[in-house]
Structures are given as C-alpha cells and as structure tokens.
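Chemist: Next comes the structure file run.pdb, holding PDB, C-alpha atoms and all ligand atoms.
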ATOM      1  CA  MET A   9     -20.381  12.825  42.011
ATOM      2  CA  MET A  10     -20.789  11.260  38.567
ATOM      3  CA  ASN A  11     -17.785   9.334  37.305
ATOM      4  CA  GLU A  12     -16.041  10.770  34.260
ATOM      5  CA  SER A  13     -17.348   8.342  31.617
ATOM      6  CA  LYS A  14     -20.954   8.770  32.811
ATOM      7  CA  LEU A  15     -20.501  12.520  32.652
ATOM      8  CA  ARG A  16     -19.161  12.278  29.090
ATOM      9  CA  ASP A  17     -22.101   9.995  28.116
ATOM     10  CA  GLY A  18     -24.516  12.543  29.529
ATOM     11  CA  LEU A  19     -22.942  15.410  27.619
ATOM     12  CA  LEU A  20     -22.943  13.367  24.402
ATOM     13  CA  GLN A  21     -26.583  12.470  24.825
ATOM     14  CA  ALA A  22     -27.441  16.118  25.476
ATOM     15  CA  ALA A  23     -25.790  17.324  22.264
ATOM     16  CA  PRO A  24     -28.916  17.071  20.032
ATOM     17  CA  PHE A  25     -31.017  18.870  22.642
ATOM     18  CA  ILE A  26     -28.417  21.607  23.072
ATOM     19  CA  GLU A  27     -28.366  22.051  19.295
ATOM     20  CA  LEU A  28     -32.163  22.126  19.113
ATOM     21  CA  THR A  29     -32.514  24.791  21.806
ATOM     22  CA  SER A  30     -30.120  27.026  19.877
ATOM     23  CA  LYS A  31     -32.097  26.402  16.661
ATOM     24  CA  ARG A  32     -35.124  27.865  18.396
ATOM     25  CA  ARG A  33     -34.687  31.584  17.804
ATOM     26  CA  SER A  34     -37.170  34.353  17.196
ATOM     27  CA  VAL A  35     -37.184  34.700  13.421
ATOM     28  CA  ARG A  36     -38.673  37.838  11.884
ATOM     29  CA  GLY A  37     -38.788  37.031   8.191
ATOM     30  CA  PHE A  38     -40.268  33.923   6.564
ATOM     31  CA  LEU A  39     -40.534  32.300   3.148
ATOM     32  CA  PRO A  40     -44.068  31.944   1.700
ATOM     33  CA  ASP A  41     -43.859  28.114   1.517
ATOM     34  CA  ARG A  42     -46.452  26.344   3.632
ATOM     35  CA  LEU A  43     -45.663  23.305   5.780
ATOM     36  CA  ASP A  44     -47.480  20.082   4.855
ATOM     37  CA  GLN A  45     -50.444  19.085   7.009
ATOM     38  CA  ASP A  46     -48.686  15.908   8.218
ATOM     39  CA  VAL A  47     -45.747  18.037   9.413
ATOM     40  CA  LEU A  48     -48.189  20.414  11.168
ATOM     41  CA  ASP A  49     -49.921  17.443  12.807
ATOM     42  CA  SER A  50     -46.609  16.080  14.048
ATOM     43  CA  ILE A  51     -45.464  19.506  15.351
ATOM     44  CA  PHE A  52     -48.603  20.042  17.420
ATOM     45  CA  LYS A  53     -48.851  16.425  18.607
ATOM     46  CA  THR A  54     -45.274  16.628  19.927
ATOM     47  CA  ALA A  55     -45.945  19.986  21.605
ATOM     48  CA  ASN A  56     -48.850  18.465  23.540
ATOM     49  CA  HIS A  57     -46.352  16.347  25.453
ATOM     50  CA  ALA A  58     -45.743  19.366  27.722
ATOM     51  CA  PRO A  59     -46.195  18.964  31.488
ATOM     52  CA  SER A  60     -48.992  20.748  33.351
ATOM     53  CA  ASN A  61     -50.353  21.006  36.864
ATOM     54  CA  ALA A  62     -52.440  17.821  37.454
ATOM     55  CA  ASN A  63     -52.139  17.115  33.709
ATOM     56  CA  THR A  64     -54.894  19.667  33.068
ATOM     57  CA  GLN A  65     -53.337  20.790  29.738
ATOM     58  CA  PRO A  66     -55.119  24.157  29.823
ATOM     59  CA  TRP A  67     -53.819  25.419  26.461
ATOM     60  CA  HIS A  68     -56.091  25.901  23.444
ATOM     61  CA  THR A  69     -54.335  26.598  20.163
ATOM     62  CA  TYR A  70     -55.921  27.998  17.011
ATOM     63  CA  VAL A  71     -53.830  27.796  13.855
ATOM     64  CA  ALA A  72     -54.447  29.794  10.682
ATOM     65  CA  CYS A  73     -53.051  29.743   7.181
ATOM     66  CA  GLY A  74     -54.298  30.870   3.761
ATOM     67  CA  GLU A  75     -57.300  33.214   3.595
ATOM     68  CA  LEU A  76     -57.920  33.199   7.344
ATOM     69  CA  ARG A  77     -54.283  34.123   7.991
ATOM     70  CA  ASP A  78     -54.570  37.043   5.556
ATOM     71  CA  HIS A  79     -57.865  38.159   7.100
ATOM     72  CA  LEU A  80     -56.362  38.077  10.611
ATOM     73  CA  SER A  81     -53.361  40.128   9.512
ATOM     74  CA  GLN A  82     -55.620  42.688   7.831
ATOM     75  CA  ARG A  83     -57.904  42.980  10.869
ATOM     76  CA  LEU A  84     -54.956  43.311  13.276
ATOM     77  CA  LEU A  85     -53.423  46.010  11.073
ATOM     78  CA  GLU A  86     -56.782  47.861  11.027
ATOM     79  CA  THR A  87     -57.134  47.705  14.821
ATOM     80  CA  VAL A  88     -53.867  47.135  16.740
ATOM     81  CA  GLY A  89     -51.967  48.915  13.955
ATOM     82  CA  LYS A  90     -54.050  52.032  14.694
ATOM     83  CA  GLY A  91     -53.891  51.742  18.484
ATOM     84  CA  GLU A  92     -57.276  50.017  18.926
ATOM     85  CA  ASN A  93     -56.260  47.527  21.585
ATOM     86  CA  GLN A  94     -58.292  45.067  23.641
ATOM     87  CA  LEU A  95     -56.004  42.818  25.680
ATOM     88  CA  ASP A  96     -57.320  39.944  27.804
ATOM     89  CA  PHE A  97     -54.233  40.295  30.027
ATOM     90  CA  PRO A  98     -52.746  43.774  30.496
ATOM     91  CA  TYR A  99     -49.093  44.209  29.602
ATOM     92  CA  GLY A 100     -47.482  46.633  32.072
ATOM     93  CA  TYR A 101     -44.241  46.980  30.078
ATOM     94  CA  LYS A 102     -42.626  48.440  33.212
ATOM     95  CA  TYR A 103     -39.094  47.127  32.883
ATOM     96  CA  GLU A 104     -36.491  48.618  35.178
ATOM     97  CA  GLY A 105     -32.791  48.150  35.950
ATOM     98  CA  GLU A 106     -31.167  45.100  34.362
ATOM     99  CA  TYR A 107     -34.475  44.075  32.757
ATOM    100  CA  ARG A 108     -34.850  47.437  31.046
ATOM    101  CA  GLN A 109     -31.224  47.197  29.904
ATOM    102  CA  ARG A 110     -31.836  43.771  28.306
ATOM    103  CA  GLN A 111     -34.944  45.127  26.589
ATOM    104  CA  LEU A 112     -32.940  48.065  25.218
ATOM    105  CA  ASP A 113     -30.053  45.802  24.144
ATOM    106  CA  VAL A 114     -32.242  43.504  22.053
ATOM    107  CA  GLY A 115     -34.048  46.497  20.509
ATOM    108  CA  ILE A 116     -30.729  48.098  19.522
ATOM    109  CA  LEU A 117     -29.544  44.789  18.039
ATOM    110  CA  LEU A 118     -32.690  44.419  15.930
ATOM    111  CA  TYR A 119     -32.833  48.060  14.742
ATOM    112  CA  LYS A 120     -29.134  47.962  13.857
ATOM    113  CA  ALA A 121     -29.662  44.839  11.730
ATOM    114  CA  LEU A 122     -32.602  46.570  10.015
ATOM    115  CA  GLY A 123     -30.583  49.758   9.449
ATOM    116  CA  ILE A 124     -33.001  51.807  11.593
ATOM    117  CA  THR A 125     -31.386  54.725  13.400
ATOM    118  CA  ARG A 126     -32.374  56.137  16.797
ATOM    119  CA  GLU A 127     -34.179  59.094  15.178
ATOM    120  CA  ASP A 128     -35.955  57.046  12.499
ATOM    121  CA  LYS A 129     -39.446  56.940  14.048
ATOM    122  CA  ASP A 130     -41.122  55.821  10.796
ATOM    123  CA  GLY A 131     -38.650  52.954  10.457
ATOM    124  CA  LYS A 132     -39.455  51.819  13.992
ATOM    125  CA  VAL A 133     -43.203  51.938  13.303
ATOM    126  CA  ARG A 134     -42.696  49.958  10.084
ATOM    127  CA  ALA A 135     -40.644  47.328  11.947
ATOM    128  CA  TRP A 136     -43.362  47.134  14.616
ATOM    129  CA  LEU A 137     -46.134  46.740  12.024
ATOM    130  CA  ARG A 138     -44.258  43.773  10.500
ATOM    131  CA  ASN A 139     -45.416  41.882  13.616
ATOM    132  CA  LEU A 140     -49.005  42.243  12.425
ATOM    133  CA  GLU A 141     -48.035  40.900   8.992
ATOM    134  CA  PHE A 142     -46.698  37.865  10.876
ATOM    135  CA  PHE A 143     -43.317  38.730   9.305
ATOM    136  CA  ASP A 144     -44.763  37.099   6.131
ATOM    137  CA  ALA A 145     -45.047  33.703   7.846
ATOM    138  CA  PRO A 146     -47.597  31.464   6.084
ATOM    139  CA  HIS A 147     -48.761  30.063   9.442
ATOM    140  CA  VAL A 148     -49.765  31.738  12.675
ATOM    141  CA  CYS A 149     -51.181  30.259  15.845
ATOM    142  CA  PHE A 150     -52.885  31.897  18.799
ATOM    143  CA  ILE A 151     -52.568  30.481  22.301
ATOM    144  CA  PHE A 152     -55.572  30.734  24.610
ATOM    145  CA  MET A 153     -56.453  29.463  28.068
ATOM    146  CA  PRO A 154     -59.853  29.170  29.788
ATOM    147  CA  ASP A 155     -61.014  32.246  31.740
ATOM    148  CA  TRP A 156     -60.782  30.443  35.111
ATOM    149  CA  CYS A 157     -57.005  30.060  34.713
ATOM    150  CA  GLU A 158     -54.587  31.880  36.998
ATOM    151  CA  ILE A 159     -50.825  32.299  37.101
ATOM    152  CA  ARG A 160     -50.075  28.580  37.638
ATOM    153  CA  GLU A 161     -52.073  27.591  34.587
ATOM    154  CA  ALA A 162     -50.369  30.392  32.640
ATOM    155  CA  CYS A 163     -47.067  28.679  33.560
ATOM    156  CA  ASP A 164     -48.427  25.421  32.075
ATOM    157  CA  VAL A 165     -49.268  27.267  28.881
ATOM    158  CA  GLY A 166     -45.776  28.798  28.811
ATOM    159  CA  MET A 167     -44.232  25.329  29.052
ATOM    160  CA  TYR A 168     -46.461  24.179  26.216
ATOM    161  CA  ALA A 169     -45.489  27.177  24.103
ATOM    162  CA  GLN A 170     -41.779  26.482  24.548
ATOM    163  CA  ASN A 171     -42.413  22.817  23.670
ATOM    164  CA  LEU A 172     -44.257  23.995  20.583
ATOM    165  CA  MET A 173     -41.425  26.258  19.442
ATOM    166  CA  LEU A 174     -38.852  23.507  20.053
ATOM    167  CA  SER A 175     -41.080  21.120  18.129
ATOM    168  CA  ILE A 176     -41.290  23.585  15.232
ATOM    169  CA  ALA A 177     -37.472  23.834  15.268
ATOM    170  CA  ALA A 178     -37.125  20.044  15.402
ATOM    171  CA  HIS A 179     -39.240  19.826  12.240
ATOM    172  CA  GLY A 180     -36.874  22.165  10.394
ATOM    173  CA  ALA A 181     -39.016  25.287  10.672
ATOM    174  CA  VAL A 182     -38.724  28.473  12.752
ATOM    175  CA  SER A 183     -41.025  30.684  14.805
ATOM    176  CA  CYS A 184     -41.514  34.002  16.548
ATOM    177  CA  PRO A 185     -43.576  34.279  19.749
ATOM    178  CA  GLN A 186     -45.479  37.589  19.701
ATOM    179  CA  THR A 187     -47.244  39.270  22.588
ATOM    180  CA  ILE A 188     -48.428  41.917  20.160
ATOM    181  CA  LEU A 189     -50.663  39.315  18.475
ATOM    182  CA  GLY A 190     -52.719  39.301  21.678
ATOM    183  CA  TYR A 191     -53.320  43.063  21.571
ATOM    184  CA  ASN A 192     -56.843  42.702  20.212
ATOM    185  CA  ALA A 193     -58.279  39.454  21.522
ATOM    186  CA  ASP A 194     -61.826  40.108  20.238
ATOM    187  CA  VAL A 195     -60.580  40.414  16.662
ATOM    188  CA  VAL A 196     -58.850  37.024  16.941
ATOM    189  CA  ARG A 197     -61.823  35.376  18.697
ATOM    190  CA  GLU A 198     -64.181  36.715  16.038
ATOM    191  CA  ALA A 199     -62.026  35.444  13.158
ATOM    192  CA  PHE A 200     -61.965  31.892  14.572
ATOM    193  CA  GLY A 201     -65.520  31.962  16.028
ATOM    194  CA  ILE A 202     -64.231  31.499  19.589
ATOM    195  CA  GLU A 203     -66.387  32.202  22.672
ATOM    196  CA  GLN A 204     -65.436  34.792  25.325
ATOM    197  CA  ASN A 205     -64.563  32.064  27.864
ATOM    198  CA  LEU A 206     -61.199  31.485  26.153
ATOM    199  CA  LYS A 207     -58.638  34.208  26.856
ATOM    200  CA  LEU A 208     -55.782  35.050  24.514
ATOM    201  CA  LEU A 209     -52.188  35.155  25.758
ATOM    202  CA  PHE A 210     -50.089  35.607  22.605
ATOM    203  CA  GLY A 211     -49.504  34.349  19.090
ATOM    204  CA  ILE A 212     -46.681  32.541  17.298
ATOM    205  CA  SER A 213     -45.844  33.072  13.631
ATOM    206  CA  PHE A 214     -44.072  30.121  12.066
ATOM    207  CA  GLY A 215     -42.832  28.602   8.823
ATOM    208  CA  LEU A 216     -39.548  28.395   6.948
ATOM    209  CA  GLU A 217     -36.842  30.983   7.569
ATOM    210  CA  ASP A 218     -35.860  33.562   4.980
ATOM    211  CA  LYS A 219     -32.162  33.222   5.669
ATOM    212  CA  SER A 220     -31.264  36.173   3.446
ATOM    213  CA  LEU A 221     -32.680  38.765   5.872
ATOM    214  CA  PRO A 222     -30.344  40.694   8.209
ATOM    215  CA  GLU A 223     -32.942  40.731  11.018
ATOM    216  CA  ASN A 224     -32.665  36.954  11.147
ATOM    217  CA  GLN A 225     -28.935  37.082  11.852
ATOM    218  CA  ILE A 226     -29.157  38.655  15.308
ATOM    219  CA  VAL A 227     -28.106  36.685  18.385
ATOM    220  CA  PRO A 228     -29.531  38.225  21.577
ATOM    221  CA  GLU A 229     -27.228  37.683  24.549
ATOM    222  CA  ARG A 230     -28.049  35.566  27.562
ATOM    223  CA  VAL A 231     -26.903  36.175  31.112
ATOM    224  CA  ALA A 232     -24.195  33.802  32.340
ATOM    225  CA  PRO A 233     -25.698  30.892  34.325
ATOM    226  CA  GLY A 234     -23.864  32.064  37.454
ATOM    227  CA  GLU A 235     -25.922  35.260  37.427
ATOM    228  CA  ASN A 236     -29.380  33.717  37.627
ATOM    229  CA  THR A 237     -28.800  30.084  38.644
ATOM    230  CA  HIS A 238     -27.622  29.457  42.178
ATOM    231  CA  PHE A 239     -26.310  26.143  43.453
ATOM    232  CA  TYR A 240     -26.155  25.486  47.175
ATOM    233  CA  GLU A 241     -25.193  22.528  49.270
TER     234      GLU A 241
HETATM  235  C1  LIG A 301     -44.138  35.534  25.266
HETATM  236  C2  LIG A 301     -43.213  36.232  24.311
HETATM  237  C3  LIG A 301     -43.680  37.304  23.577
HETATM  238  C4  LIG A 301     -42.861  37.943  22.636
HETATM  239  N1  LIG A 301     -43.383  38.956  21.881
HETATM  240  C5  LIG A 301     -42.670  39.453  20.842
HETATM  241  C6  LIG A 301     -43.273  40.363  19.931
HETATM  242  O1  LIG A 301     -44.437  40.784  20.078
HETATM  243  N2  LIG A 301     -42.543  40.764  18.859
HETATM  244  C7  LIG A 301     -41.255  40.333  18.655
HETATM  245  O2  LIG A 301     -40.651  40.725  17.645
HETATM  246  N3  LIG A 301     -40.650  39.468  19.519
HETATM  247  C8  LIG A 301     -41.331  39.009  20.593
HETATM  248  N4  LIG A 301     -40.763  38.089  21.440
HETATM  249  C9  LIG A 301     -39.416  37.584  21.152
HETATM  250  C10 LIG A 301     -38.357  38.082  22.137
HETATM  251  O3  LIG A 301     -37.951  39.372  21.775
HETATM  252  C11 LIG A 301     -37.175  37.077  22.080
HETATM  253  O4  LIG A 301     -37.608  35.840  22.587
HETATM  254  C12 LIG A 301     -35.960  37.535  22.884
HETATM  255  O5  LIG A 301     -35.433  38.731  22.364
HETATM  256  C13 LIG A 301     -34.857  36.457  22.859
HETATM  257  O6  LIG A 301     -34.482  36.163  21.522
HETATM  258  P1  LIG A 301     -34.628  34.702  20.895
HETATM  259  O7  LIG A 301     -36.073  34.278  21.040
HETATM  260  O8  LIG A 301     -34.211  34.876  19.457
HETATM  261  O9  LIG A 301     -33.731  33.781  21.637
HETATM  262  C14 LIG A 301     -41.529  37.495  22.440
HETATM  263  C15 LIG A 301     -41.054  36.438  23.226
HETATM  264  C16 LIG A 301     -41.883  35.819  24.136
HETATM  265  C17 LIG A 301     -41.353  34.654  24.953
END
Rewrite the structure from the file as structure tokens, please.

Modeler:
Amino acid sequence: MMNESKLRDGLLQAAPFIELTSKRRSVRGFLPDRLDQDVLDSIFKTANHAPSNANTQPWHTYVACGELRDHLSQRLLETVGKGENQLDFPYGYKYEGEYRQRQLDVGILLYKALGITREDKDGKVRAWLRNLEFFDAPHVCFIFMPDWCEIREACDVGMYAQNLMLSIAAHGAVSCPQTILGYNADVVREAFGIEQNLKLLFGISFGLEDKSLPENQIVPERVAPGENTHFYE
C-alpha cells in the first residue's frame, strides 16, 4: 500500500494529464485558422513517442491543408458522399447489446445538439456529410499502415493515434477521429500519390475549435471503471 503523502503526490502529479485527457474530445466544428508549421512539427514529433511492438512504429501519416485539403474533401464528397466506397478494412458496424446502446446514446446526444429530430432524414444526411467537409477543419491527416500489418500492428497505430490526439490537445488545438475518412482509400492514396502497399485506417480532422457551435458542447458518457476494469488479488 502507498502511504498517504505518496498517494497525494501521485494524484497531484497526475492532474495535468487528467486535464489533458478531458481536453481531448471529438470536436465537429472548427475555425478556419491554420496552425503554424512549427506547432505542426511539434505535434507530430510528440505523437511519434508512442509505444509499438518491437519499436516497429508501423504508422504512416499524411497531412493535408490548403488546396490539397479542399481537393480531398471534394473528392470524398463526390465518392463516399454518393455511396462509392472502397475500404481497405471492412467496417462491420454490427453493434449489439450494450455496445449498440452506447452507439445510439451518442447519436441521440449529437442530433439533439444539432436540432435534428428522429424523422429528419435530410438533417441526418447533412450532419453525416459534414464529416467529408472535415467539419471545416483547416488540417486533416490520414493514418495508414503497411499491407503486411495485422491486428497487433493495428493496436500500435491506435496507440499512436491517441498520442497524436492528446498531442494536438496539449498544443491548444482539437481533433475528430473519423472512420468515414477511410471509406474510399484509393481516392486518398491518389491525392497524396501513395502506393497500394499502404493501407488506410482512418483520418483525423484537426485545428482550432469553434466554441460557438452546439455540437461541440456534447459530453458523451463513459462507463464507470467498475464496469469494465476488474481488480483481483
Ligand atoms: C477510430 C475512431 C473513428 C471514429 N469515427 C468517427 C466518424 O467517422 N465521425 C464522427 O463524427 N466521429 C467519429 N469518432 C468519434 C467517436 O464518436 C467519439 O470518439 C466517441 O463518441 C466518444 O466521444 P469523445 O471522442 O468526444 O470522447 C470516431 C472515433 C474513433 C476512435
């Protein structure tokens, strides 16, 4: 058992990290202001500190802003926006039980903030298409891994992606991870001139938060630690 003062020290030291993890939220509305290149360099350098099996660091990140960002958004709207999908990794979307309930809960929260009712199909489509506009974020990055990678390497990439989003938050910016940005991998590869041997997992829009938007005020719930974390002795 830790003595009381050590415990208090530990909690005090954790405070900035606890604050940072809560600053990392999925933000769905950004200001047009671009981040400076030195800030971008620092964000991505910090993210690279992520752990990986045998230090293989299998992530490959392609970042776009400006004309390329606009081109990517346009191409994704023309393809994914019209149902023309080409995913490197299929997305089953087969949530059941408690997982389905959590999916429904976050959807309801978001639609309520946006003023979209259950019957408002057009509103839901519009909200979905906002993904392909990167929610107006001036920056978007796409996370790839080599084609030989399997589930363990995908875990490495997931750890990197969380590091990246925490790093973005630590630099005063915000992000939204988006599976939907991986719905047409060929379009993204073509825009960046990437070979077929890199496979696309998802994208992350990022930049400065538009704090005036209601969709950015939502706070999705988390299960209590006792429900999914189990201590034994
Ligand atoms: C890999 C991944 C893909 C996601 N894809 C999308 C997406 O395509 N569109 C979207 O609006 N949110 C997406 N999200 C955001 C989740 O909805 C969000 O993380 C979850 O509701 C918890 O909210 P929080 O990130 O604000 O804590 C994704 C999250 C992850 C981790």

Chemist: Mind checking which residues fall within 10 Å of Arg32 in chain A, counting all atoms listed in the file, ignoring those fewer than 6 positions away in the same chain, and posting them as JSON, numbers by chain?

Modeler: {"A": [170, 173, 174, 175, 176, 177, 178, 180, 181, 182, 183, 184]}

Chemist: Please identify the residues whose atoms come within 8 Å of ligand LIG 301 (chain A), using all atoms listed in the file, and report them as a PDB file with C-alpha atoms, in the frame of the given file.

Modeler:
ATOM      1  CA  SER A  30     -30.120  27.026  19.877  1.00  0.00           C
ATOM      2  CA  ARG A  32     -35.124  27.865  18.396  1.00  0.00           C
ATOM      3  CA  ARG A  33     -34.687  31.584  17.804  1.00  0.00           C
ATOM      4  CA  SER A  34     -37.170  34.353  17.196  1.00  0.00           C
ATOM      5  CA  VAL A  35     -37.184  34.700  13.421  1.00  0.00           C
ATOM      6  CA  ARG A  36     -38.673  37.838  11.884  1.00  0.00           C
ATOM      7  CA  GLN A 111     -34.944  45.127  26.589  1.00  0.00           C
ATOM      8  CA  VAL A 114     -32.242  43.504  22.053  1.00  0.00           C
ATOM      9  CA  TRP A 136     -43.362  47.134  14.616  1.00  0.00           C
ATOM     10  CA  ASN A 139     -45.416  41.882  13.616  1.00  0.00           C
ATOM     11  CA  GLY A 166     -45.776  28.798  28.811  1.00  0.00           C
ATOM     12  CA  CYS A 184     -41.514  34.002  16.548  1.00  0.00           C
ATOM     13  CA  PRO A 185     -43.576  34.279  19.749  1.00  0.00           C
ATOM     14  CA  GLN A 186     -45.479  37.589  19.701  1.00  0.00           C
ATOM     15  CA  THR A 187     -47.244  39.270  22.588  1.00  0.00           C
ATOM     16  CA  ILE A 188     -48.428  41.917  20.160  1.00  0.00           C
ATOM     17  CA  LEU A 189     -50.663  39.315  18.475  1.00  0.00           C
ATOM     18  CA  PHE A 210     -50.089  35.607  22.605  1.00  0.00           C
ATOM     19  CA  GLY A 211     -49.504  34.349  19.090  1.00  0.00           C
ATOM     20  CA  ILE A 226     -29.157  38.655  15.308  1.00  0.00           C
ATOM     21  CA  VAL A 227     -28.106  36.685  18.385  1.00  0.00           C
ATOM     22  CA  PRO A 228     -29.531  38.225  21.577  1.00  0.00           C
ATOM     23  CA  GLU A 229     -27.228  37.683  24.549  1.00  0.00           C
TER      24      GLU A 229
END

Chemist: Please evaluate the PyMOL selection byres (((chain A and resi 192) around 7) and not hetatm) against the displayed coordinates and give the resulting residues as a PyMOL selection string.

Modeler: chain A and resi 88+93-95+190-191+193-196

Chemist: With distances taken over all atoms listed in the file, which of A:Phe152, A:Phe214, A:Phe25, A:Phe143 is nearest to Phe97 in chain A?

Modeler: A:Phe152

Chemist: From the set A:Pro98, A:Gly18, A:Pro146, A:Gly105, which residue has the shortest atom-to-atom contact distance to Asp78 in chain A, counting all atoms listed in the file?

Modeler: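 Under the stated criterion, the closest residue is A:Pro146.
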
Chemist: List the residues matched by the PyMOL selection byres (((chain A and resi 207) around 8) and not hetatm) in the displayed structure as a list in words, ordered by chain and then by residue number.

Modeler: Asp96, Phe152, Met153, Pro154, Asp155, Ala193, Gln204, Asn205, Leu206, Leu208 and Leu209 of chain A

Chemist: Can you work out the spacing between CA of Glu158 in chain A and CA of Ala58 in chain A in Å, to one decimal?

Modeler: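 That distance, rounded to one decimal, is 17.9 Å.
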
Chemist: Mind working out the centre and edge lengths of an axis-aligned box for range 203-216 of chain A, all listed atoms inside, 6 Å added to each side, rounded to one decimal in Å and written as JSON?

Modeler:
{"center_x": -53.0, "center_y": 32.0, "center_z": 17.4, "size_x": 38.8, "size_y": 19.2, "size_z": 32.9}

Chemist: What does the distance between CA of Gly37 in chain A and CA of Phe52 in chain A come to in Å, to one decimal place?

Modeler: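 Atom-to-atom, CA of Gly37 in chain A to CA of Phe52 in chain A, that is 21.7 Å.
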
Chemist: Report as a PDB file with C-alpha atoms, keeping the file's coordinate frame the full result of the PyMOL selection byres (((chain A and resi 79) around 12) and not hetatm) when it is applied to this structure.

Modeler:
ATOM      1  CA  ALA A  72     -54.447  29.794  10.682  1.00  0.00           C
ATOM      2  CA  CYS A  73     -53.051  29.743   7.181  1.00  0.00           C
ATOM      3  CA  GLY A  74     -54.298  30.870   3.761  1.00  0.00           C
ATOM      4  CA  GLU A  75     -57.300  33.214   3.595  1.00  0.00           C
ATOM      5  CA  LEU A  76     -57.920  33.199   7.344  1.00  0.00           C
ATOM      6  CA  ARG A  77     -54.283  34.123   7.991  1.00  0.00           C
ATOM      7  CA  ASP A  78     -54.570  37.043   5.556  1.00  0.00           C
ATOM      8  CA  LEU A  80     -56.362  38.077  10.611  1.00  0.00           C
ATOM      9  CA  SER A  81     -53.361  40.128   9.512  1.00  0.00           C
ATOM     10  CA  GLN A  82     -55.620  42.688   7.831  1.00  0.00           C
ATOM     11  CA  ARG A  83     -57.904  42.980  10.869  1.00  0.00           C
ATOM     12  CA  LEU A  84     -54.956  43.311  13.276  1.00  0.00           C
ATOM     13  CA  LEU A  85     -53.423  46.010  11.073  1.00  0.00           C
ATOM     14  CA  GLU A  86     -56.782  47.861  11.027  1.00  0.00           C
ATOM     15  CA  LEU A 140     -49.005  42.243  12.425  1.00  0.00           C
ATOM     16  CA  GLU A 141     -48.035  40.900   8.992  1.00  0.00           C
ATOM     17  CA  PHE A 142     -46.698  37.865  10.876  1.00  0.00           C
ATOM     18  CA  VAL A 148     -49.765  31.738  12.675  1.00  0.00           C
ATOM     19  CA  VAL A 195     -60.580  40.414  16.662  1.00  0.00           C
ATOM     20  CA  VAL A 196     -58.850  37.024  16.941  1.00  0.00           C
ATOM     21  CA  GLU A 198     -64.181  36.715  16.038  1.00  0.00           C
ATOM     22  CA  ALA A 199     -62.026  35.444  13.158  1.00  0.00           C
ATOM     23  CA  PHE A 200     -61.965  31.892  14.572  1.00  0.00           C
TER      24      PHE A 200
END

Chemist: Given only C-alpha atoms as the basis, pick out the residue of A:Ala121, A:Leu15, A:Ala55, A:Ala169 nearest to Leu221 in chain A.

Modeler: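 So, comparing all the options, the nearest one is A:Ala121.
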
Chemist: Find the residue from A:Ile51, A:Val231, A:Met167, A:Ile26 that sits nearest to Gln109 in chain A; use only C-alpha atoms when measuring.

Modeler: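 Among A:Ile51, A:Val231, A:Met167, A:Ile26, it is A:Val231 that comes nearest to Gln109 in chain A.
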
Chemist: Measuring atom to atom with all atoms listed in the file, identify which of A:Asn63, A:Glu12, A:His179, A:Val133 is nearest to Lys31 in chain A.

Modeler: A:His179

Chemist: Mind pulling up the distance from CA of Trp67 in chain A to CA of Tyr168 in chain A?

Modeler: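 Atom-to-atom, CA of Tyr168 in chain A to CA of Trp67 in chain A, that is 7.5 Å.
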
Chemist: When you count all atoms listed in the file, which of these residues is closest to Arg230 in chain A: A:Tyr119, A:Ala145, A:Val165, A:Arg110?

Modeler: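 Distance minimum relative to Arg230 in chain A lands on A:Arg110.
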
Chemist: For range 193-208 of chain A, supply N, CA and C atoms and report the output as a PDB file, in the coordinates of the input.

Modeler:
ATOM      1  N   ALA A 193     -57.789  40.828  21.369  1.00  0.00           N
ATOM      2  CA  ALA A 193     -58.279  39.454  21.522  1.00  0.00           C
ATOM      3  C   ALA A 193     -59.619  39.249  20.828  1.00  0.00           C
ATOM      4  N   ASP A 194     -60.492  40.264  20.852  1.00  0.00           N
ATOM      5  CA  ASP A 194     -61.826  40.108  20.238  1.00  0.00           C
ATOM      6  C   ASP A 194     -61.721  39.877  18.733  1.00  0.00           C
ATOM      7  N   VAL A 195     -60.786  40.578  18.107  1.00  0.00           N
ATOM      8  CA  VAL A 195     -60.580  40.414  16.662  1.00  0.00           C
ATOM      9  C   VAL A 195     -60.199  38.959  16.349  1.00  0.00           C
ATOM     10  N   VAL A 196     -59.316  38.402  17.177  1.00  0.00           N
ATOM     11  CA  VAL A 196     -58.850  37.024  16.941  1.00  0.00           C
ATOM     12  C   VAL A 196     -59.986  36.038  17.236  1.00  0.00           C
ATOM     13  N   ARG A 197     -60.700  36.267  18.365  1.00  0.00           N
ATOM     14  CA  ARG A 197     -61.823  35.376  18.697  1.00  0.00           C
ATOM     15  C   ARG A 197     -62.863  35.389  17.585  1.00  0.00           C
ATOM     16  N   GLU A 198     -63.160  36.582  17.083  1.00  0.00           N
ATOM     17  CA  GLU A 198     -64.181  36.715  16.038  1.00  0.00           C
ATOM     18  C   GLU A 198     -63.764  35.961  14.771  1.00  0.00           C
ATOM     19  N   ALA A 199     -62.504  36.086  14.394  1.00  0.00           N
ATOM     20  CA  ALA A 199     -62.026  35.444  13.158  1.00  0.00           C
ATOM     21  C   ALA A 199     -62.139  33.922  13.225  1.00  0.00           C
ATOM     22  N   PHE A 200     -61.902  33.359  14.425  1.00  0.00           N
ATOM     23  CA  PHE A 200     -61.965  31.892  14.572  1.00  0.00           C
ATOM     24  C   PHE A 200     -63.339  31.422  15.069  1.00  0.00           C
ATOM     25  N   GLY A 201     -64.228  32.356  15.447  1.00  0.00           N
ATOM     26  CA  GLY A 201     -65.520  31.962  16.028  1.00  0.00           C
ATOM     27  C   GLY A 201     -65.362  31.377  17.420  1.00  0.00           C
ATOM     28  N   ILE A 202     -64.516  31.998  18.232  1.00  0.00           N
ATOM     29  CA  ILE A 202     -64.231  31.499  19.589  1.00  0.00           C
ATOM     30  C   ILE A 202     -65.072  32.284  20.604  1.00  0.00           C
ATOM     31  N   GLU A 203     -65.584  31.552  21.618  1.00  0.00           N
ATOM     32  CA  GLU A 203     -66.387  32.202  22.672  1.00  0.00           C
ATOM     33  C   GLU A 203     -65.504  33.027  23.612  1.00  0.00           C
ATOM     34  N   GLN A 204     -66.150  33.901  24.383  1.00  0.00           N
ATOM     35  CA  GLN A 204     -65.436  34.792  25.325  1.00  0.00           C
ATOM     36  C   GLN A 204     -64.753  34.033  26.464  1.00  0.00           C
ATOM     37  N   ASN A 205     -65.161  32.765  26.708  1.00  0.00           N
ATOM     38  CA  ASN A 205     -64.563  32.064  27.864  1.00  0.00           C
ATOM     39  C   ASN A 205     -63.139  31.560  27.606  1.00  0.00           C
ATOM     40  N   LEU A 206     -62.619  31.758  26.395  1.00  0.00           N
ATOM     41  CA  LEU A 206     -61.199  31.485  26.153  1.00  0.00           C
ATOM     42  C   LEU A 206     -60.474  32.818  26.059  1.00  0.00           C
ATOM     43  N   LYS A 207     -59.370  32.934  26.796  1.00  0.00           N
ATOM     44  CA  LYS A 207     -58.638  34.208  26.856  1.00  0.00           C
ATOM     45  C   LYS A 207     -57.289  34.071  26.136  1.00  0.00           C
ATOM     46  N   LEU A 208     -56.968  35.104  25.397  1.00  0.00           N
ATOM     47  CA  LEU A 208     -55.782  35.050  24.514  1.00  0.00           C
ATOM     48  C   LEU A 208     -54.532  35.562  25.228  1.00  0.00           C
TER      49      LEU A 208
END
